Amino acid sequence: MRRQGLVLGLLSVGGQVLLLRELVSSLNGDELFIGTALFGWLIAVAVGAFIGGRTSRSSAKTLFVIGAIAIPIMIALVRLSPLAFTRVPGEIVPFIKAVLLSIVAMAPVGVISGWLFSAIVRHGEQSSEAIIIVYLFEGIGAFIAGVVITIFSSGLLSTLTIAAVIGLVVIVAAIWPSRRTGNIIAVVTGAVAVALCLSFIPRCDRWLDTAKYAPYQMLESFDTPYGRQALISRDSSVVLLTDNAIEAVHPDPETDEYQFLPPLLYYPEAKRILFVGRAEFGVGQLADSFPDVSFTALDRRAGLNDHLAAVLRQVATVDRIDNDPVRYLSRTDPSIPYDIIILNAGEPDNYQTSRLYGEEFLDIVRQRLKDDGILYIPTRYDTDRYLGPEKTRVLAIISHTLGRVFPNIEVWPGSTTLFFASPMRGFDLPLDSLVARCGRLPITPAYVNGDYLPDRMEPMKRERLKSALTESTEINSMGKPILPHYQALYRSLADSFDREVLGGILRHPRWLVIVPIVMLLFLASTIYSRREVNRFPLFLFFVAGLVSMTSELISFYLFQSTAGSLYSEMAVLIGAFMLGLAVGTYHAYGVGRRPVEYMALGLMSTALLLFIARTEHPCMAVSSSSMRCFCS
């Protein structure tokens, strides 16, 4: 029973974490779906436990085999799931459909995990003691699984490979006898099976990605500690996809020019430039044409370097730094400031990216700039003609957050909206001066020149955009990361169902008052119920479940907002959470009949108050290790 409990922890947390990773990487890196997926997982486990309680002849060994096979199959289906909604590579899956997908994807493995718990408990002599022991060893197995998955998912093995290896380990550990000779044979057999798996599964990975991104040619696909990457090609174009979203395209000279040249028009004498993002897609080649400029590209995904070097021309003069932007800029010497920092972070559709648009990080950026230096943020929002309220809200939040840190702000409208910020430098240059400076650049730009700038800088467009940006005064910060929610609202315009449902939820947050009302009604029913029907324990279960799940999700989002690395560490966080639940349950059972629920609720309240106190004025975390200590 103990061994089966350990194996159940490996199966349940392995399936849960790996499916969450695959869902996040298939749904454009949006961590908001972690909450809906965990909801689906808990419902599925409850259904499985109910089925197991009603079925007296369940074979644990059979269920282990089915669960071990189901994990890699479901991961493969989740990876291909965007094809059910769109055939265009990199296109966003509508939000409500993605929510339903995240719930349904967790169901098969979750049902089997709950069913297995009931089947294993039946082997105990006393049902209550058996439940506690199985749950304790499941928690231990879950923590071990979380640590192991975190280690091997840090760029070493793909999600599908880890799933296949876990499946083999579960099958061998569940069906092999406990005799010593049987253990030796099991270890040898498992080692051989894992070796075969490590050589075969990468081919399956490539086949799945080839099918997913057809008709593009698949060049490379692999995991980094921060998400899944794919390099595809078609008609001499190379496309980089990060978590199923297009990050960069080569060649794209217009994008390259607008990512690099505009701040040089305001600061032509700049010598030291930092580019936050991948510079291999054309920006590095442009920077190479400026012999007097020291150009540094900052991106933490070191695993991308060799893959990009195999398909794109590298520039030797670009100084590449493989580090997290928050960590690197927090530790650099402020006495050697930059003239220009270009923040090419992409759309703030998740907490990982949104933190780079937060007030705390922008304050660090300001400290690393010269007094007359420029922070330049090119975005993909089109403000050339139509300014909808959803798009305006996102841009206004970015603008006002910049305004909290930088006294001088400038915005260029166009097919890509461009933000400029500086501690002291003004941006009131006339258009004629900007055009003249275009002509004095070491290169002849095809887009940032006198033919295109007058249209882009047309006074009516600029005034209309500046007026629209004053409609909202909200600020994005680590303590209140609101950009991912408004970005989801902006994207909901592409789907009529999303527009109605998501718009109603985010535009009218007062519906959240339903939660405390339900809790109060539930409490009232426990107070006025008949004494022989004591519902108060049910109320405590309800409150504990609501608070614990909320705390878990907030911890995940805070970890992502500060450390910027949840894709790999999610496994150990969930494993630690499961171990804590199991140890707490075991301790409460050992206490006996003494009322421990009040002490438990008091400890939970104290822990939450300390958590809130620590996050009200958090210091910027500069390393994943420090955040692990903080979030634990």
# chains A, B, ... in the order shown; residues from 1 in each chain; ligands from 1
$ residues_around --residues "Leu265 (chain A)" --least-positions-apart "3" --cutoff "8 Å" --atoms "only C-alpha atoms" --output "list in words"
Leu261, Pro262, Pro268, Leu434, Arg437 and Cys438 of chain A
$ write_last_selection --atoms "all heavy atoms" --output "mmCIF file, in the first residue's frame"
data_model
loop_
_atom_site.group_PDB
_atom_site.id
_atom_site.type_symbol
_atom_site.label_atom_id
_atom_site.label_comp_id
_atom_site.auth_asym_id
_atom_site.auth_seq_id
_atom_site.Cartn_x
_atom_site.Cartn_y
_atom_site.Cartn_z
ATOM 1 N N LEU A 261 16.040 51.829 -35.009
ATOM 2 C CA LEU A 261 16.435 53.165 -35.458
ATOM 3 C C LEU A 261 15.738 54.339 -34.774
ATOM 4 O O LEU A 261 16.387 55.375 -34.547
ATOM 5 C CB LEU A 261 16.241 53.276 -36.976
ATOM 6 C CG LEU A 261 17.079 52.327 -37.841
ATOM 7 C CD1 LEU A 261 16.785 52.545 -39.316
ATOM 8 C CD2 LEU A 261 18.573 52.537 -37.548
ATOM 9 N N PRO A 262 14.444 54.304 -34.451
ATOM 10 C CA PRO A 262 13.782 55.509 -33.920
ATOM 11 C C PRO A 262 14.461 56.157 -32.727
ATOM 12 O O PRO A 262 14.588 57.396 -32.700
ATOM 13 C CB PRO A 262 12.367 55.004 -33.583
ATOM 14 C CG PRO A 262 12.133 53.919 -34.576
ATOM 15 C CD PRO A 262 13.453 53.233 -34.710
ATOM 16 N N PRO A 268 21.303 60.685 -31.538
ATOM 17 C CA PRO A 268 22.211 60.206 -32.590
ATOM 18 C C PRO A 268 23.627 59.952 -32.101
ATOM 19 O O PRO A 268 24.369 59.196 -32.726
ATOM 20 C CB PRO A 268 22.183 61.334 -33.627
ATOM 21 C CG PRO A 268 21.750 62.541 -32.872
ATOM 22 C CD PRO A 268 20.828 62.055 -31.801
ATOM 23 N N LEU A 434 13.846 65.320 -37.406
ATOM 24 C CA LEU A 434 13.876 63.859 -37.406
ATOM 25 C C LEU A 434 14.186 63.318 -38.799
ATOM 26 O O LEU A 434 14.987 62.384 -38.961
ATOM 27 C CB LEU A 434 12.534 63.301 -36.914
ATOM 28 C CG LEU A 434 12.175 63.570 -35.445
ATOM 29 C CD1 LEU A 434 10.766 63.077 -35.147
ATOM 30 C CD2 LEU A 434 13.164 62.890 -34.515
ATOM 31 N N ARG A 437 17.829 63.826 -39.631
ATOM 32 C CA ARG A 437 18.682 62.860 -38.949
ATOM 33 C C ARG A 437 18.599 61.481 -39.600
ATOM 34 O O ARG A 437 19.565 60.713 -39.545
ATOM 35 C CB ARG A 437 18.299 62.778 -37.476
ATOM 36 C CG ARG A 437 18.681 64.040 -36.701
ATOM 37 C CD ARG A 437 18.372 63.925 -35.228
ATOM 38 N NE ARG A 437 18.779 65.125 -34.510
ATOM 39 C CZ ARG A 437 18.704 65.270 -33.178
ATOM 40 N NH1 ARG A 437 18.232 64.273 -32.446
ATOM 41 N NH2 ARG A 437 19.096 66.390 -32.611
ATOM 42 N N CYS A 438 17.468 61.158 -40.199
ATOM 43 C CA CYS A 438 17.371 59.902 -40.954
ATOM 44 C C CYS A 438 18.403 59.875 -42.078
ATOM 45 O O CYS A 438 19.019 58.841 -42.354
ATOM 46 C CB CYS A 438 15.969 59.729 -41.539
ATOM 47 S SG CYS A 438 14.668 59.379 -40.343
#
$ select_by_dssp --residues "region 155-381 of chain A" --states "alpha helix (DSSP H)" --output "PyMOL selection string"
chain A and resi 159-175+180-212+253-260+262-266+283-287+304-309+325-331+351-354+359-367
$ closest_residue --among "A:Ser492, A:Ser236, A:Thr159, A:Thr36" --to "Val99 (chain A)" --atoms "only C-alpha atoms"
A:Thr36
$ select_by_dssp --residues "region 192-221 of chain A" --states "strand (DSSP E)" --output "PyMOL selection string"
chain A and resi 217-221
$ write_last_selection --atoms "N, CA, C and O atoms" --output "PDB file, in the first residue's frame"
ATOM      1  N   GLN A 217       7.862  24.168 -43.021  1.00  0.00           N
ATOM      2  CA  GLN A 217       8.899  23.174 -42.792  1.00  0.00           C
ATOM      3  C   GLN A 217       9.405  23.294 -41.362  1.00  0.00           C
ATOM      4  O   GLN A 217       9.753  24.377 -40.896  1.00  0.00           O
ATOM      5  N   MET A 218       9.439  22.177 -40.653  1.00  0.00           N
ATOM      6  CA  MET A 218       9.909  22.182 -39.279  1.00  0.00           C
ATOM      7  C   MET A 218      11.430  22.132 -39.256  1.00  0.00           C
ATOM      8  O   MET A 218      12.047  21.185 -39.752  1.00  0.00           O
ATOM      9  N   LEU A 219      12.056  23.172 -38.684  1.00  0.00           N
ATOM     10  CA  LEU A 219      13.505  23.210 -38.565  1.00  0.00           C
ATOM     11  C   LEU A 219      13.970  22.666 -37.218  1.00  0.00           C
ATOM     12  O   LEU A 219      14.821  21.783 -37.145  1.00  0.00           O
ATOM     13  N   GLU A 220      13.425  23.219 -36.148  1.00  0.00           N
ATOM     14  CA  GLU A 220      13.802  22.806 -34.801  1.00  0.00           C
ATOM     15  C   GLU A 220      12.585  22.959 -33.895  1.00  0.00           C
ATOM     16  O   GLU A 220      11.762  23.861 -34.080  1.00  0.00           O
ATOM     17  N   SER A 221      12.499  22.101 -32.879  1.00  0.00           N
ATOM     18  CA  SER A 221      11.508  22.274 -31.814  1.00  0.00           C
ATOM     19  C   SER A 221      12.110  21.701 -30.536  1.00  0.00           C
ATOM     20  O   SER A 221      12.653  20.595 -30.551  1.00  0.00           O
TER      21      SER A 221
END
$ residues_around --residues "Arg87 (chain A)" --least-positions-apart "4" --cutoff "9 Å" --atoms "only C-alpha atoms" --output "mmCIF file with all heavy atoms, in the first residue's frame"
data_model
loop_
_atom_site.group_PDB
_atom_site.id
_atom_site.type_symbol
_atom_site.label_atom_id
_atom_site.label_comp_id
_atom_site.auth_asym_id
_atom_site.auth_seq_id
_atom_site.Cartn_x
_atom_site.Cartn_y
_atom_site.Cartn_z
ATOM 1 N N PRO A 82 -4.545 23.048 -30.763
ATOM 2 C CA PRO A 82 -4.839 24.295 -31.479
ATOM 3 C C PRO A 82 -5.345 24.079 -32.901
ATOM 4 O O PRO A 82 -6.042 24.948 -33.447
ATOM 5 C CB PRO A 82 -3.487 25.021 -31.470
ATOM 6 C CG PRO A 82 -2.805 24.532 -30.242
ATOM 7 C CD PRO A 82 -3.202 23.092 -30.149
ATOM 8 N N LEU A 83 -5.028 22.924 -33.508
ATOM 9 C CA LEU A 83 -5.498 22.657 -34.864
ATOM 10 C C LEU A 83 -7.012 22.509 -34.916
ATOM 11 O O LEU A 83 -7.612 22.657 -35.981
ATOM 12 C CB LEU A 83 -4.844 21.381 -35.408
ATOM 13 C CG LEU A 83 -3.314 21.423 -35.580
ATOM 14 C CD1 LEU A 83 -2.800 20.073 -36.054
ATOM 15 C CD2 LEU A 83 -2.918 22.512 -36.565
ATOM 16 N N GLU A 91 -1.590 31.402 -34.387
ATOM 17 C CA GLU A 91 -2.821 32.152 -34.120
ATOM 18 C C GLU A 91 -3.351 31.810 -32.726
ATOM 19 O O GLU A 91 -3.290 30.666 -32.281
ATOM 20 C CB GLU A 91 -3.879 31.839 -35.173
ATOM 21 C CG GLU A 91 -5.131 32.697 -35.040
ATOM 22 C CD GLU A 91 -6.089 32.525 -36.205
ATOM 23 O OE1 GLU A 91 -5.631 32.121 -37.285
ATOM 24 O OE2 GLU A 91 -7.288 32.781 -36.039
ATOM 25 N N LYS A 212 1.693 19.839 -36.519
ATOM 26 C CA LYS A 212 1.046 21.025 -35.947
ATOM 27 C C LYS A 212 1.269 22.260 -36.802
ATOM 28 O O LYS A 212 0.368 23.090 -36.962
ATOM 29 C CB LYS A 212 1.594 21.250 -34.535
ATOM 30 C CG LYS A 212 1.012 22.445 -33.803
ATOM 31 C CD LYS A 212 1.579 22.522 -32.399
ATOM 32 C CE LYS A 212 0.997 23.674 -31.612
ATOM 33 N NZ LYS A 212 1.515 23.716 -30.225
ATOM 34 N N TYR A 213 2.487 22.394 -37.361
ATOM 35 C CA TYR A 213 2.830 23.611 -38.092
ATOM 36 C C TYR A 213 2.842 23.427 -39.603
ATOM 37 O O TYR A 213 3.422 24.258 -40.312
ATOM 38 C CB TYR A 213 4.182 24.133 -37.616
ATOM 39 C CG TYR A 213 4.165 24.569 -36.163
ATOM 40 C CD1 TYR A 213 4.980 23.947 -35.222
ATOM 41 C CD2 TYR A 213 3.322 25.586 -35.735
ATOM 42 C CE1 TYR A 213 4.967 24.341 -33.894
ATOM 43 C CE2 TYR A 213 3.297 25.983 -34.414
ATOM 44 C CZ TYR A 213 4.124 25.356 -33.490
ATOM 45 O OH TYR A 213 4.097 25.751 -32.176
ATOM 46 N N ALA A 214 2.258 22.362 -40.087
ATOM 47 C CA ALA A 214 2.127 22.198 -41.535
ATOM 48 C C ALA A 214 1.282 23.353 -42.090
ATOM 49 O O ALA A 214 0.344 23.823 -41.424
ATOM 50 C CB ALA A 214 1.476 20.860 -41.844
#
$ residues_around --residues "Arg404 (chain A)" --least-positions-apart "3" --cutoff "12 Å" --atoms "only C-alpha atoms" --output "short mmCIF file (atom, residue, chain, number, x, y, z; two decimals) with N, CA, C and O atoms, in the first residue's frame"
data_model
loop_
_atom_site.label_atom_id
_atom_site.label_comp_id
_atom_site.auth_asym_id
_atom_site.auth_seq_id
_atom_site.Cartn_x
_atom_site.Cartn_y
_atom_site.Cartn_z
N TYR A 357 6.80 45.27 -17.98
CA TYR A 357 6.09 46.53 -18.12
C TYR A 357 5.66 47.08 -16.77
O TYR A 357 4.86 48.02 -16.70
N GLY A 358 6.16 46.48 -15.69
CA GLY A 358 5.77 46.90 -14.36
C GLY A 358 6.59 48.06 -13.84
O GLY A 358 7.72 48.32 -14.27
N GLU A 359 6.04 48.76 -12.87
CA GLU A 359 6.69 49.95 -12.32
C GLU A 359 8.03 49.59 -11.70
O GLU A 359 9.00 50.37 -11.82
N GLU A 360 8.14 48.44 -11.04
CA GLU A 360 9.37 48.07 -10.35
C GLU A 360 10.52 47.86 -11.35
O GLU A 360 11.64 48.35 -11.14
N PHE A 361 10.25 47.13 -12.43
CA PHE A 361 11.31 46.89 -13.40
C PHE A 361 11.69 48.17 -14.15
O PHE A 361 12.87 48.42 -14.41
N LEU A 362 10.71 48.99 -14.47
CA LEU A 362 11.01 50.25 -15.16
C LEU A 362 11.86 51.16 -14.29
O LEU A 362 12.70 51.90 -14.80
N ASP A 363 11.68 51.09 -12.98
CA ASP A 363 12.52 51.88 -12.09
C ASP A 363 13.96 51.38 -12.13
O ASP A 363 14.91 52.18 -12.09
N ARG A 366 15.49 52.71 -15.31
CA ARG A 366 15.86 54.12 -15.21
C ARG A 366 17.22 54.29 -14.53
O ARG A 366 18.03 55.14 -14.93
N ILE A 397 -2.32 51.96 -19.92
CA ILE A 397 -1.67 51.41 -18.74
C ILE A 397 -0.15 51.44 -18.92
O ILE A 397 0.59 51.81 -18.00
N ILE A 398 0.32 51.05 -20.11
CA ILE A 398 1.76 51.12 -20.38
C ILE A 398 2.25 52.55 -20.27
O ILE A 398 3.29 52.83 -19.66
N SER A 399 1.51 53.49 -20.85
CA SER A 399 1.91 54.89 -20.85
C SER A 399 1.95 55.46 -19.43
O SER A 399 2.93 56.13 -19.06
N HIS A 400 0.92 55.19 -18.63
CA HIS A 400 0.88 55.77 -17.29
C HIS A 400 1.89 55.10 -16.36
O HIS A 400 2.40 55.75 -15.45
N THR A 401 2.17 53.83 -16.59
CA THR A 401 3.22 53.18 -15.80
C THR A 401 4.58 53.79 -16.12
O THR A 401 5.39 54.03 -15.22
N PRO A 407 9.91 61.21 -16.33
CA PRO A 407 9.23 62.50 -16.50
C PRO A 407 8.85 62.79 -17.95
O PRO A 407 7.84 63.47 -18.20
N ASN A 408 9.62 62.31 -18.90
CA ASN A 408 9.41 62.65 -20.30
C ASN A 408 8.98 61.40 -21.08
O ASN A 408 9.70 60.40 -21.11
N ILE A 409 7.81 61.51 -21.72
CA ILE A 409 7.23 60.39 -22.47
C ILE A 409 6.84 60.88 -23.86
O ILE A 409 6.35 62.00 -24.03
N ALA A 421 10.81 57.00 -23.52
CA ALA A 421 10.80 57.56 -22.16
C ALA A 421 12.23 57.94 -21.79
O ALA A 421 13.19 57.26 -22.17
N SER A 422 12.37 59.02 -21.02
CA SER A 422 13.70 59.48 -20.63
C SER A 422 13.62 60.24 -19.31
O SER A 422 12.62 60.94 -19.05
N PRO A 423 14.66 60.14 -18.48
CA PRO A 423 14.67 60.93 -17.24
C PRO A 423 14.76 62.43 -17.50
O PRO A 423 14.11 63.22 -16.79
N THR A 473 -5.97 55.74 -15.96
CA THR A 473 -4.80 56.10 -15.15
C THR A 473 -4.31 54.92 -14.32
O THR A 473 -3.59 55.10 -13.34
N GLU A 474 -4.67 53.72 -14.69
CA GLU A 474 -4.23 52.53 -13.95
C GLU A 474 -2.75 52.27 -14.18
O GLU A 474 -2.20 52.60 -15.23
N ILE A 475 -2.12 51.65 -13.19
CA ILE A 475 -0.69 51.36 -13.22
C ILE A 475 -0.49 49.85 -13.14
O ILE A 475 -1.14 49.17 -12.34
N ASN A 476 0.43 49.35 -13.94
CA ASN A 476 0.80 47.94 -13.87
C ASN A 476 2.00 47.78 -12.92
O ASN A 476 3.00 48.49 -13.07
N SER A 477 1.89 46.90 -11.96
CA SER A 477 2.97 46.68 -11.01
C SER A 477 3.01 45.21 -10.63
O SER A 477 2.12 44.44 -10.98
#
$ residues_around --residues "Ala130 (chain A)" --least-positions-apart "6" --cutoff "12 Å" --atoms "only C-alpha atoms" --output "PyMOL selection string"
chain A and resi 1-2+4-5+117-124+136-138+586+589
$ residues_around --residues "Ala248 (chain A)" --least-positions-apart "4" --cutoff "9 Å" --atoms "only C-alpha atoms" --output "short mmCIF file (atom, residue, chain, number, x, y, z; two decimals) with C-alpha atoms, in the first residue's frame"
data_model
loop_
_atom_site.label_atom_id
_atom_site.label_comp_id
_atom_site.auth_asym_id
_atom_site.auth_seq_id
_atom_site.Cartn_x
_atom_site.Cartn_y
_atom_site.Cartn_z
CA VAL A 238 12.29 31.75 -40.79
CA VAL A 239 9.75 32.08 -37.98
CA LEU A 240 10.44 31.74 -34.25
CA LEU A 241 7.44 30.57 -32.21
CA ASP A 252 11.29 41.51 -41.91
CA ARG A 278 16.50 38.25 -29.66
CA PHE A 281 16.42 38.29 -36.71
#
$ closest_residue --among "A:Ile342, A:Ile514, A:Arg456, A:Val315" --to "Asp382 (chain A)" --atoms "only C-alpha atoms"
A:Arg456
$ residues_around --residues "Ile574 (chain A)" --least-positions-apart "2" --cutoff "9 Å" --atoms "only C-alpha atoms" --output "mmCIF file with all heavy atoms, in the first residue's frame"
data_model
loop_
_atom_site.group_PDB
_atom_site.id
_atom_site.type_symbol
_atom_site.label_atom_id
_atom_site.label_comp_id
_atom_site.auth_asym_id
_atom_site.auth_seq_id
_atom_site.Cartn_x
_atom_site.Cartn_y
_atom_site.Cartn_z
ATOM 1 N N VAL A 13 0.983 13.720 -9.774
ATOM 2 C CA VAL A 13 1.669 15.002 -9.943
ATOM 3 C C VAL A 13 2.384 15.055 -11.288
ATOM 4 O O VAL A 13 2.423 16.101 -11.946
ATOM 5 C CB VAL A 13 2.649 15.248 -8.781
ATOM 6 C CG1 VAL A 13 3.597 16.390 -9.089
ATOM 7 C CG2 VAL A 13 1.880 15.558 -7.520
ATOM 8 N N VAL A 17 1.328 18.090 -13.645
ATOM 9 C CA VAL A 17 2.314 19.115 -13.986
ATOM 10 C C VAL A 17 2.631 19.104 -15.479
ATOM 11 O O VAL A 17 2.675 20.160 -16.133
ATOM 12 C CB VAL A 17 3.596 18.902 -13.165
ATOM 13 C CG1 VAL A 17 4.729 19.780 -13.698
ATOM 14 C CG2 VAL A 17 3.342 19.206 -11.706
ATOM 15 N N ALA A 142 4.563 12.670 -4.554
ATOM 16 C CA ALA A 142 4.320 13.882 -5.340
ATOM 17 C C ALA A 142 5.500 14.849 -5.242
ATOM 18 O O ALA A 142 5.915 15.455 -6.232
ATOM 19 C CB ALA A 142 3.037 14.559 -4.859
ATOM 20 N N PHE A 143 6.041 15.004 -4.031
ATOM 21 C CA PHE A 143 7.176 15.910 -3.861
ATOM 22 C C PHE A 143 8.407 15.393 -4.604
ATOM 23 O O PHE A 143 9.112 16.160 -5.269
ATOM 24 C CB PHE A 143 7.493 16.086 -2.379
ATOM 25 C CG PHE A 143 8.630 17.024 -2.121
ATOM 26 C CD1 PHE A 143 8.480 18.386 -2.315
ATOM 27 C CD2 PHE A 143 9.860 16.545 -1.705
ATOM 28 C CE1 PHE A 143 9.531 19.266 -2.081
ATOM 29 C CE2 PHE A 143 10.921 17.414 -1.474
ATOM 30 C CZ PHE A 143 10.753 18.770 -1.663
ATOM 31 N N GLY A 146 7.901 16.067 -8.178
ATOM 32 C CA GLY A 146 8.073 17.479 -8.494
ATOM 33 C C GLY A 146 9.526 17.878 -8.620
ATOM 34 O O GLY A 146 9.915 18.604 -9.543
ATOM 35 N N GLU A 552 -2.509 29.007 -3.560
ATOM 36 C CA GLU A 552 -1.600 28.309 -4.461
ATOM 37 C C GLU A 552 -1.462 29.058 -5.785
ATOM 38 O O GLU A 552 -0.349 29.270 -6.287
ATOM 39 C CB GLU A 552 -2.089 26.887 -4.710
ATOM 40 C CG GLU A 552 -1.160 26.067 -5.591
ATOM 41 C CD GLU A 552 -1.693 24.667 -5.858
ATOM 42 O OE1 GLU A 552 -2.893 24.425 -5.643
ATOM 43 O OE2 GLU A 552 -0.904 23.824 -6.307
ATOM 44 N N GLU A 569 9.784 25.312 -12.718
ATOM 45 C CA GLU A 569 9.644 25.238 -11.269
ATOM 46 C C GLU A 569 8.236 24.875 -10.806
ATOM 47 O O GLU A 569 8.026 24.594 -9.635
ATOM 48 C CB GLU A 569 10.046 26.579 -10.643
ATOM 49 C CG GLU A 569 11.528 26.873 -10.703
ATOM 50 C CD GLU A 569 11.941 27.532 -12.001
ATOM 51 O OE1 GLU A 569 11.131 27.521 -12.936
ATOM 52 O OE2 GLU A 569 13.060 28.061 -12.082
ATOM 53 N N MET A 570 7.247 24.910 -11.716
ATOM 54 C CA MET A 570 5.882 24.599 -11.336
ATOM 55 C C MET A 570 5.775 23.212 -10.698
ATOM 56 O O MET A 570 4.981 22.986 -9.785
ATOM 57 C CB MET A 570 4.971 24.688 -12.569
ATOM 58 C CG MET A 570 3.522 24.366 -12.310
ATOM 59 S SD MET A 570 2.468 24.847 -13.695
ATOM 60 C CE MET A 570 3.377 24.219 -15.103
ATOM 61 N N ALA A 571 6.589 22.265 -11.164
ATOM 62 C CA ALA A 571 6.515 20.901 -10.655
ATOM 63 C C ALA A 571 6.873 20.835 -9.180
ATOM 64 O O ALA A 571 6.168 20.218 -8.372
ATOM 65 C CB ALA A 571 7.429 19.984 -11.474
ATOM 66 N N VAL A 572 7.976 21.476 -8.794
ATOM 67 C CA VAL A 572 8.386 21.405 -7.394
ATOM 68 C C VAL A 572 7.452 22.225 -6.509
ATOM 69 O O VAL A 572 7.225 21.876 -5.337
ATOM 70 C CB VAL A 572 9.855 21.867 -7.242
ATOM 71 C CG1 VAL A 572 9.996 23.367 -7.408
ATOM 72 C CG2 VAL A 572 10.423 21.428 -5.905
ATOM 73 N N ALA A 576 5.564 20.420 -3.481
ATOM 74 C CA ALA A 576 5.665 20.908 -2.107
ATOM 75 C C ALA A 576 4.284 21.162 -1.520
ATOM 76 O O ALA A 576 4.030 20.877 -0.329
ATOM 77 C CB ALA A 576 6.501 22.188 -2.067
ATOM 78 N N PHE A 577 3.369 21.683 -2.330
ATOM 79 C CA PHE A 577 2.003 21.935 -1.876
ATOM 80 C C PHE A 577 1.319 20.618 -1.498
ATOM 81 O O PHE A 577 0.678 20.513 -0.446
ATOM 82 C CB PHE A 577 1.229 22.654 -2.975
ATOM 83 C CG PHE A 577 -0.152 23.092 -2.561
ATOM 84 C CD1 PHE A 577 -0.337 24.239 -1.812
ATOM 85 C CD2 PHE A 577 -1.265 22.368 -2.934
ATOM 86 C CE1 PHE A 577 -1.597 24.649 -1.437
ATOM 87 C CE2 PHE A 577 -2.541 22.770 -2.566
ATOM 88 C CZ PHE A 577 -2.702 23.915 -1.820
ATOM 89 N N MET A 578 1.469 19.605 -2.332
ATOM 90 C CA MET A 578 0.856 18.303 -2.060
ATOM 91 C C MET A 578 1.474 17.652 -0.821
ATOM 92 O O MET A 578 0.772 17.034 -0.017
ATOM 93 C CB MET A 578 1.020 17.391 -3.269
ATOM 94 C CG MET A 578 0.265 17.853 -4.500
ATOM 95 S SD MET A 578 -1.519 17.928 -4.233
ATOM 96 C CE MET A 578 -1.883 16.202 -3.905
ATOM 97 N N LEU A 579 2.783 17.777 -0.654
ATOM 98 C CA LEU A 579 3.427 17.219 0.533
ATOM 99 C C LEU A 579 2.919 17.914 1.792
ATOM 100 O O LEU A 579 2.672 17.253 2.816
ATOM 101 C CB LEU A 579 4.945 17.377 0.416
ATOM 102 C CG LEU A 579 5.767 16.862 1.616
ATOM 103 C CD1 LEU A 579 5.560 15.366 1.796
ATOM 104 C CD2 LEU A 579 7.240 17.181 1.424
#
